[in-house]
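A.B. asks: Encoded as structure tokens, here's the structure I'll be asking about.
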Amino acid sequence: MATYSTEIAASGRAKCRGCERSIAKGELRLGETLMNPRVDRETTFWYHALCAAYKRPDAITTFLDEGGELPEAERLREIASVGEAHPRVARLHIAHVSPSARATCRACREIIARDDWRVSVVFFEDGYLNPAGYIHAGCVEAYAETTETAMDRMRHFSPDLSESDLAGIAEAVAG
Ligand SMILES: [Zn+2]
Ligand SMILES: [Zn+2]
């Protein structure tokens, strides 16, 4: 059974489990404390609130339902509700150009061609983010059963992409 809490980060050392980047000192962070079978004791995993809404919708919903307070709580709740309705949309991680033609799309099972836009997908287990392969950007709807919030997610987790990259991805997602 996980418990949730928030605090202002006292240092910039903790990594967000959603985006895998550091949580800056002074930033609000959401903690999920649970029994960690890898080390056989309780561990607290930290998230940026927005990353948690995208990647761990159940954590945000539980925290808010238990009376927890977060800035922009309504927006976070809306994002989380899409992820709860469509669990696979919460797996969408980083969009990038495929560097090779080796990966098989998890949706259509065809090879993802070199230079095609692809999206990495991840799932959570015991607080850890696990890579689960790639899908064509054009297969987002087939994989996630929705495109709602999909572009917001890829924009959030792929900060290196330019606006024209994002436009290309949006076109691929729209088919
Ligand atoms: Zn984050
Ligand atoms: Zn595909």
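Residue numbering restarts at 1 in every chain; chains get A, B, ... in the order shown in the structure tokens, and ligands count up from 1 in that same order.
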Which residues are close to segment 59-61 of chain A, i.e. within 7 Å by only C-alpha atoms, leaving aside same-chain residues fewer than 4 positions away? Reply as a list in words.
C.D. replies: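 Counting only C-alpha atoms, the residues come to Ala52, Ala53, Asp65, Arg77 and Ala80 of chain A.
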A.B. asks: Give me, as a Markdown table, the closest atom pair and its distance (Å, one decimal) for every residue of segment 53-146 of chain A within a cut-off of 9 Å of segment 17-31 of chain A, counting only C-alpha atoms, rows sorted by chain and rising number.
C.D. replies:
```
| residue | atom | partner | partner_atom | distance |
| --- | --- | --- | --- | --- |
| A:Tyr54 | CA | A:Gly18 | CA | 8.0 |
| A:Lys55 | CA | A:Gly18 | CA | 6.0 |
| A:Arg56 | CA | A:Gly18 | CA | 7.9 |
| A:Ile60 | CA | A:Leu30 | CA | 8.7 |
| A:Leu70 | CA | A:Leu28 | CA | 8.7 |
| A:His93 | CA | A:Cys19 | CA | 8.3 |
| A:Gly127 | CA | A:Arg17 | CA | 7.6 |
| A:Tyr128 | CA | A:Arg17 | CA | 7.1 |
| A:Leu129 | CA | A:Arg17 | CA | 6.9 |
```
A.B. asks: Could you please extract the residues within 10 Å of ligand 2, counting only C-alpha atoms and all ligand atoms, and hand them back as a PyMOL selection string?
C.D. replies: chain A and resi 104-112+118-119+134-143
A.B. asks: For the residues selected in the previous step, produce a file with N, CA and C atoms as a PDB file, in the first residue's frame.
C.D. replies:
```pdb
ATOM      1  N   THR A 104      10.788  -3.328 -33.540  1.00  0.00           N
ATOM      2  CA  THR A 104       9.467  -3.702 -34.031  1.00  0.00           C
ATOM      3  C   THR A 104       8.432  -2.905 -33.253  1.00  0.00           C
ATOM      4  N   CYS A 105       7.477  -2.329 -33.967  1.00  0.00           N
ATOM      5  CA  CYS A 105       6.427  -1.524 -33.320  1.00  0.00           C
ATOM      6  C   CYS A 105       5.562  -2.420 -32.430  1.00  0.00           C
ATOM      7  N   ARG A 106       5.340  -1.981 -31.183  1.00  0.00           N
ATOM      8  CA  ARG A 106       4.535  -2.762 -30.241  1.00  0.00           C
ATOM      9  C   ARG A 106       3.054  -2.757 -30.615  1.00  0.00           C
ATOM     10  N   ALA A 107       2.667  -1.878 -31.526  1.00  0.00           N
ATOM     11  CA  ALA A 107       1.256  -1.819 -31.916  1.00  0.00           C
ATOM     12  C   ALA A 107       1.004  -2.634 -33.187  1.00  0.00           C
ATOM     13  N   CYS A 108       1.700  -2.284 -34.293  1.00  0.00           N
ATOM     14  CA  CYS A 108       1.403  -2.944 -35.575  1.00  0.00           C
ATOM     15  C   CYS A 108       2.329  -4.118 -35.860  1.00  0.00           C
ATOM     16  N   ARG A 109       3.376  -4.300 -35.035  1.00  0.00           N
ATOM     17  CA  ARG A 109       4.308  -5.425 -35.159  1.00  0.00           C
ATOM     18  C   ARG A 109       5.172  -5.337 -36.407  1.00  0.00           C
ATOM     19  N   GLU A 110       5.176  -4.189 -37.074  1.00  0.00           N
ATOM     20  CA  GLU A 110       6.063  -4.039 -38.224  1.00  0.00           C
ATOM     21  C   GLU A 110       7.329  -3.300 -37.798  1.00  0.00           C
ATOM     22  N   ILE A 111       8.387  -3.471 -38.576  1.00  0.00           N
ATOM     23  CA  ILE A 111       9.656  -2.790 -38.286  1.00  0.00           C
ATOM     24  C   ILE A 111       9.454  -1.273 -38.392  1.00  0.00           C
ATOM     25  N   ILE A 112      10.058  -0.554 -37.474  1.00  0.00           N
ATOM     26  CA  ILE A 112      10.037   0.912 -37.545  1.00  0.00           C
ATOM     27  C   ILE A 112      11.240   1.340 -38.385  1.00  0.00           C
ATOM     28  N   ARG A 118       9.299   7.774 -33.904  1.00  0.00           N
ATOM     29  CA  ARG A 118       8.831   6.697 -33.046  1.00  0.00           C
ATOM     30  C   ARG A 118       8.728   7.211 -31.608  1.00  0.00           C
ATOM     31  N   VAL A 119       7.997   6.490 -30.797  1.00  0.00           N
ATOM     32  CA  VAL A 119       7.763   6.885 -29.410  1.00  0.00           C
ATOM     33  C   VAL A 119       8.171   5.718 -28.516  1.00  0.00           C
ATOM     34  N   TYR A 134       9.077   0.331 -28.487  1.00  0.00           N
ATOM     35  CA  TYR A 134       8.753   1.520 -29.276  1.00  0.00           C
ATOM     36  C   TYR A 134       7.490   1.289 -30.094  1.00  0.00           C
ATOM     37  N   ILE A 135       6.852   2.403 -30.424  1.00  0.00           N
ATOM     38  CA  ILE A 135       5.761   2.343 -31.405  1.00  0.00           C
ATOM     39  C   ILE A 135       5.988   3.438 -32.448  1.00  0.00           C
ATOM     40  N   HIS A 136       5.424   3.236 -33.650  1.00  0.00           N
ATOM     41  CA  HIS A 136       5.397   4.313 -34.631  1.00  0.00           C
ATOM     42  C   HIS A 136       4.583   5.463 -34.042  1.00  0.00           C
ATOM     43  N   ALA A 137       4.987   6.707 -34.314  1.00  0.00           N
ATOM     44  CA  ALA A 137       4.140   7.835 -33.914  1.00  0.00           C
ATOM     45  C   ALA A 137       2.748   7.668 -34.523  1.00  0.00           C
ATOM     46  N   GLY A 138       2.708   7.120 -35.740  1.00  0.00           N
ATOM     47  CA  GLY A 138       1.426   6.912 -36.409  1.00  0.00           C
ATOM     48  C   GLY A 138       0.585   5.804 -35.782  1.00  0.00           C
ATOM     49  N   CYS A 139       1.162   5.060 -34.857  1.00  0.00           N
ATOM     50  CA  CYS A 139       0.422   3.969 -34.200  1.00  0.00           C
ATOM     51  C   CYS A 139      -0.024   4.339 -32.788  1.00  0.00           C
ATOM     52  N   VAL A 140       0.125   5.630 -32.407  1.00  0.00           N
ATOM     53  CA  VAL A 140      -0.265   6.041 -31.052  1.00  0.00           C
ATOM     54  C   VAL A 140      -1.726   5.700 -30.778  1.00  0.00           C
ATOM     55  N   GLU A 141      -2.598   6.015 -31.734  1.00  0.00           N
ATOM     56  CA  GLU A 141      -4.027   5.779 -31.480  1.00  0.00           C
ATOM     57  C   GLU A 141      -4.321   4.279 -31.379  1.00  0.00           C
ATOM     58  N   ALA A 142      -3.700   3.489 -32.256  1.00  0.00           N
ATOM     59  CA  ALA A 142      -3.915   2.033 -32.213  1.00  0.00           C
ATOM     60  C   ALA A 142      -3.405   1.464 -30.880  1.00  0.00           C
ATOM     61  N   TYR A 143      -2.316   2.002 -30.388  1.00  0.00           N
ATOM     62  CA  TYR A 143      -1.712   1.478 -29.158  1.00  0.00           C
ATOM     63  C   TYR A 143      -2.461   1.945 -27.915  1.00  0.00           C
TER      64      TYR A 143
END
```
A.B. asks: Using only C-alpha atoms, determine which residues lie at most 8 Å from Phe157 of chain A, disregarding the query and same-chain residues fewer than 2 positions distant; provide the list as a compact mmCIF listing (two decimals) with C-alpha atoms, in the first residue's frame.
C.D. replies:
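part13.txt, written as the output of this step:
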```txt
# COMPACT_ATOMS: atom_id res chain seq x y z
CA CYS A 19 10.99 12.16 -16.58
CA HIS A 93 7.43 8.51 -23.11
CA ILE A 94 9.93 10.13 -25.50
CA ALA A 95 9.34 10.83 -29.19
CA ARG A 153 2.83 14.02 -23.16
CA MET A 154 5.42 13.72 -25.92
CA ARG A 155 6.13 17.46 -25.74
CA PRO A 159 12.18 18.61 -24.29
```
A.B. asks: If we count only C-alpha atoms and set the cut-off at 10 Å, which residues sit around Thr3 of chain A, ignoring sequence neighbours fewer than 5 positions away in its own chain? Please answer as a list in words.
C.D. replies: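 The filter keeps Gly31, Glu32, Thr33, Leu34, Thr44, Ala59, Thr62 and Phe63 of chain A.
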A.B. asks: Using DSSP assignments from the backbone, pull out every residue in segment 22-161 of chain A that falls under helix (DSSP H, G or I) and give it to me as JSON, numbers by chain.
C.D. replies: {"A": [49, 50, 51, 52, 53, 54, 55, 57, 58, 59, 60, 61, 62, 63, 64, 65, 73, 74, 75, 76, 77, 78, 79, 80, 81, 82, 83, 84, 85, 87, 88, 89, 90, 91, 137, 138, 139, 140, 141, 142, 143, 144, 150, 151, 152, 153, 154, 155, 156, 157]}
A.B. asks: Could you write out the selected residues, including N, CA and C atoms, as a CSV table (one decimal), in the first residue's frame?
C.D. replies:
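As a result, again38.csv now contains:
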```
chain,number,residue,atom,x,y,z
A,49,ALA,N,5.1,17.0,-10.0
A,49,ALA,CA,3.6,16.8,-10.0
A,49,ALA,C,3.1,16.5,-11.4
A,50,LEU,N,3.5,17.3,-12.3
A,50,LEU,CA,3.0,17.1,-13.7
A,50,LEU,C,3.5,15.8,-14.3
A,51,CYS,N,4.7,15.4,-14.0
A,51,CYS,CA,5.2,14.1,-14.5
A,51,CYS,C,4.4,13.0,-13.9
A,52,ALA,N,4.0,13.1,-12.6
A,52,ALA,CA,3.2,12.1,-12.0
A,52,ALA,C,1.8,12.0,-12.6
A,53,ALA,N,1.2,13.2,-13.0
A,53,ALA,CA,-0.1,13.2,-13.6
A,53,ALA,C,-0.1,12.5,-14.9
A,54,TYR,N,1.0,12.7,-15.7
A,54,TYR,CA,1.2,12.0,-17.0
A,54,TYR,C,1.4,10.5,-16.8
A,55,LYS,N,2.4,10.2,-15.9
A,55,LYS,CA,2.9,8.8,-15.9
A,55,LYS,C,2.3,7.9,-14.8
A,57,PRO,N,-1.0,8.2,-13.1
A,57,PRO,CA,-2.3,8.9,-12.8
A,57,PRO,C,-3.0,8.4,-11.5
A,58,ASP,N,-2.8,7.2,-11.2
A,58,ASP,CA,-3.4,6.6,-9.9
A,58,ASP,C,-2.8,7.3,-8.7
A,59,ALA,N,-1.5,7.6,-8.8
A,59,ALA,CA,-0.9,8.3,-7.6
A,59,ALA,C,-1.4,9.7,-7.4
A,60,ILE,N,-1.6,10.5,-8.5
A,60,ILE,CA,-2.1,11.8,-8.4
A,60,ILE,C,-3.6,11.8,-7.8
A,61,THR,N,-4.4,10.9,-8.4
A,61,THR,CA,-5.8,10.8,-8.0
A,61,THR,C,-5.9,10.4,-6.6
A,62,THR,N,-5.1,9.4,-6.2
A,62,THR,CA,-5.2,8.9,-4.8
A,62,THR,C,-4.8,10.1,-3.8
A,63,PHE,N,-3.7,10.7,-4.2
A,63,PHE,CA,-3.2,11.8,-3.3
A,63,PHE,C,-4.3,12.9,-3.2
A,64,LEU,N,-4.9,13.3,-4.3
A,64,LEU,CA,-5.9,14.4,-4.2
A,64,LEU,C,-7.1,13.9,-3.5
A,65,ASP,N,-7.5,12.7,-3.8
A,65,ASP,CA,-8.7,12.1,-3.2
A,65,ASP,C,-8.6,12.1,-1.6
A,73,ALA,N,-4.4,21.7,-9.3
A,73,ALA,CA,-4.9,20.4,-9.0
A,73,ALA,C,-5.9,19.9,-10.0
A,74,GLU,N,-6.8,20.9,-10.5
A,74,GLU,CA,-7.8,20.5,-11.4
A,74,GLU,C,-7.2,20.0,-12.8
A,75,ARG,N,-6.2,20.7,-13.2
A,75,ARG,CA,-5.5,20.3,-14.5
A,75,ARG,C,-4.8,19.0,-14.3
A,76,LEU,N,-4.2,18.8,-13.2
A,76,LEU,CA,-3.5,17.5,-12.9
A,76,LEU,C,-4.5,16.3,-12.9
A,77,ARG,N,-5.7,16.6,-12.3
A,77,ARG,CA,-6.7,15.6,-12.2
A,77,ARG,C,-7.3,15.3,-13.6
A,78,GLU,N,-7.4,16.3,-14.4
A,78,GLU,CA,-7.9,16.0,-15.8
A,78,GLU,C,-6.9,15.1,-16.6
A,79,ILE,N,-5.6,15.5,-16.5
A,79,ILE,CA,-4.6,14.7,-17.2
A,79,ILE,C,-4.6,13.3,-16.6
A,80,ALA,N,-4.7,13.1,-15.3
A,80,ALA,CA,-4.7,11.8,-14.7
A,80,ALA,C,-5.9,11.0,-15.1
A,81,SER,N,-7.1,11.7,-15.3
A,81,SER,CA,-8.3,10.9,-15.6
A,81,SER,C,-8.2,10.3,-17.0
A,82,VAL,N,-7.5,11.0,-17.9
A,82,VAL,CA,-7.3,10.4,-19.3
A,82,VAL,C,-6.4,9.2,-19.2
A,83,GLY,N,-5.4,9.3,-18.3
A,83,GLY,CA,-4.5,8.1,-18.2
A,83,GLY,C,-5.1,7.0,-17.5
A,84,GLU,N,-6.1,7.2,-16.6
A,84,GLU,CA,-6.8,6.1,-15.9
A,84,GLU,C,-7.8,5.5,-16.9
A,85,ALA,N,-8.4,6.3,-17.7
A,85,ALA,CA,-9.3,5.7,-18.7
A,85,ALA,C,-8.6,4.9,-19.8
A,87,PRO,N,-5.0,3.4,-19.9
A,87,PRO,CA,-3.7,3.2,-19.2
A,87,PRO,C,-2.5,3.2,-20.1
A,88,ARG,N,-2.7,2.8,-21.4
A,88,ARG,CA,-1.5,2.8,-22.3
A,88,ARG,C,-1.1,4.2,-22.7
A,89,VAL,N,-2.0,5.2,-22.6
A,89,VAL,CA,-1.5,6.5,-23.0
A,89,VAL,C,-0.5,7.0,-22.0
A,90,ALA,N,-0.6,6.6,-20.8
A,90,ALA,CA,0.3,7.0,-19.7
A,90,ALA,C,1.7,6.3,-19.9
A,91,ARG,N,1.8,5.4,-20.8
A,91,ARG,CA,3.1,4.7,-21.1
A,91,ARG,C,3.9,5.5,-22.1
A,137,ALA,N,5.0,6.7,-34.3
A,137,ALA,CA,4.1,7.8,-33.9
A,137,ALA,C,2.7,7.7,-34.5
A,138,GLY,N,2.7,7.1,-35.7
A,138,GLY,CA,1.4,6.9,-36.4
A,138,GLY,C,0.6,5.8,-35.8
A,139,CYS,N,1.2,5.1,-34.9
A,139,CYS,CA,0.4,4.0,-34.2
A,139,CYS,C,0.0,4.3,-32.8
A,140,VAL,N,0.1,5.6,-32.4
A,140,VAL,CA,-0.3,6.0,-31.1
A,140,VAL,C,-1.7,5.7,-30.8
A,141,GLU,N,-2.6,6.0,-31.7
A,141,GLU,CA,-4.0,5.8,-31.5
A,141,GLU,C,-4.3,4.3,-31.4
A,142,ALA,N,-3.7,3.5,-32.3
A,142,ALA,CA,-3.9,2.0,-32.2
A,142,ALA,C,-3.4,1.5,-30.9
A,143,TYR,N,-2.3,2.0,-30.4
A,143,TYR,CA,-1.7,1.5,-29.2
A,143,TYR,C,-2.5,1.9,-27.9
A,144,ALA,N,-2.7,3.3,-27.9
A,144,ALA,CA,-3.3,3.9,-26.6
A,144,ALA,C,-4.8,4.0,-26.6
A,150,ALA,N,-2.0,13.0,-26.0
A,150,ALA,CA,-0.8,12.3,-26.5
A,150,ALA,C,0.3,13.3,-26.8
A,151,MET,N,0.0,14.4,-27.6
A,151,MET,CA,1.0,15.3,-28.0
A,151,MET,C,1.5,16.1,-26.8
A,152,ASP,N,0.7,16.4,-25.8
A,152,ASP,CA,1.1,17.1,-24.6
A,152,ASP,C,2.2,16.2,-23.9
A,153,ARG,N,1.9,14.9,-23.8
A,153,ARG,CA,2.8,14.0,-23.2
A,153,ARG,C,4.2,14.0,-23.9
A,154,MET,N,4.2,13.8,-25.2
A,154,MET,CA,5.4,13.7,-25.9
A,154,MET,C,6.2,15.0,-25.9
A,155,ARG,N,5.5,16.2,-25.9
A,155,ARG,CA,6.1,17.5,-25.7
A,155,ARG,C,6.8,17.6,-24.4
A,156,HIS,N,6.1,17.1,-23.4
A,156,HIS,CA,6.6,17.2,-22.0
A,156,HIS,C,7.8,16.3,-21.8
A,157,PHE,N,7.8,15.1,-22.3
A,157,PHE,CA,8.9,14.2,-22.0
A,157,PHE,C,10.0,14.2,-23.0
```
A.B. asks: As a count of residues only, please: every residue in chain A that a backbone DSSP assignment puts in strand (DSSP E).
C.D. replies: 46
A.B. asks: Kindly indicate which residue among A:Arg102, A:His96, A:His48, A:His86 lies nearest to ligand 1, using only C-alpha atoms and all ligand atoms for the distances.
C.D. replies: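 Between A:Arg102, A:His96, A:His48, A:His86, the residue approaching ligand 1 most closely is A:His48.
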A.B. asks: For a quick check of understanding, using only C-alpha atoms and all ligand atoms, which of A:Leu166, A:Cys16, A:Ala132, A:Ala10 has the smallest distance to ligand 1?
C.D. replies: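 Of the candidates, the smallest distance to ligand 1 is held by A:Cys16.
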A.B. asks: Which distance in Å separates atom CA of Ile169 of chain A and atom 1 (Zn, counted along the ligand's line) of ligand 1, to one decimal?
C.D. replies: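 Answer for the atom CA of Ile169 of chain A to atom 1 (Zn, counted along the ligand's line) of ligand 1 separation: 21.6 Å.
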A.B. asks: Using only C-alpha atoms and all ligand atoms, which residue out of A:Ser162, A:Lys15, A:Asn130, A:Ala170 lies closest to ligand 1?
C.D. replies: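 Among the listed residues, the smallest separation from ligand 1 belongs to A:Lys15.
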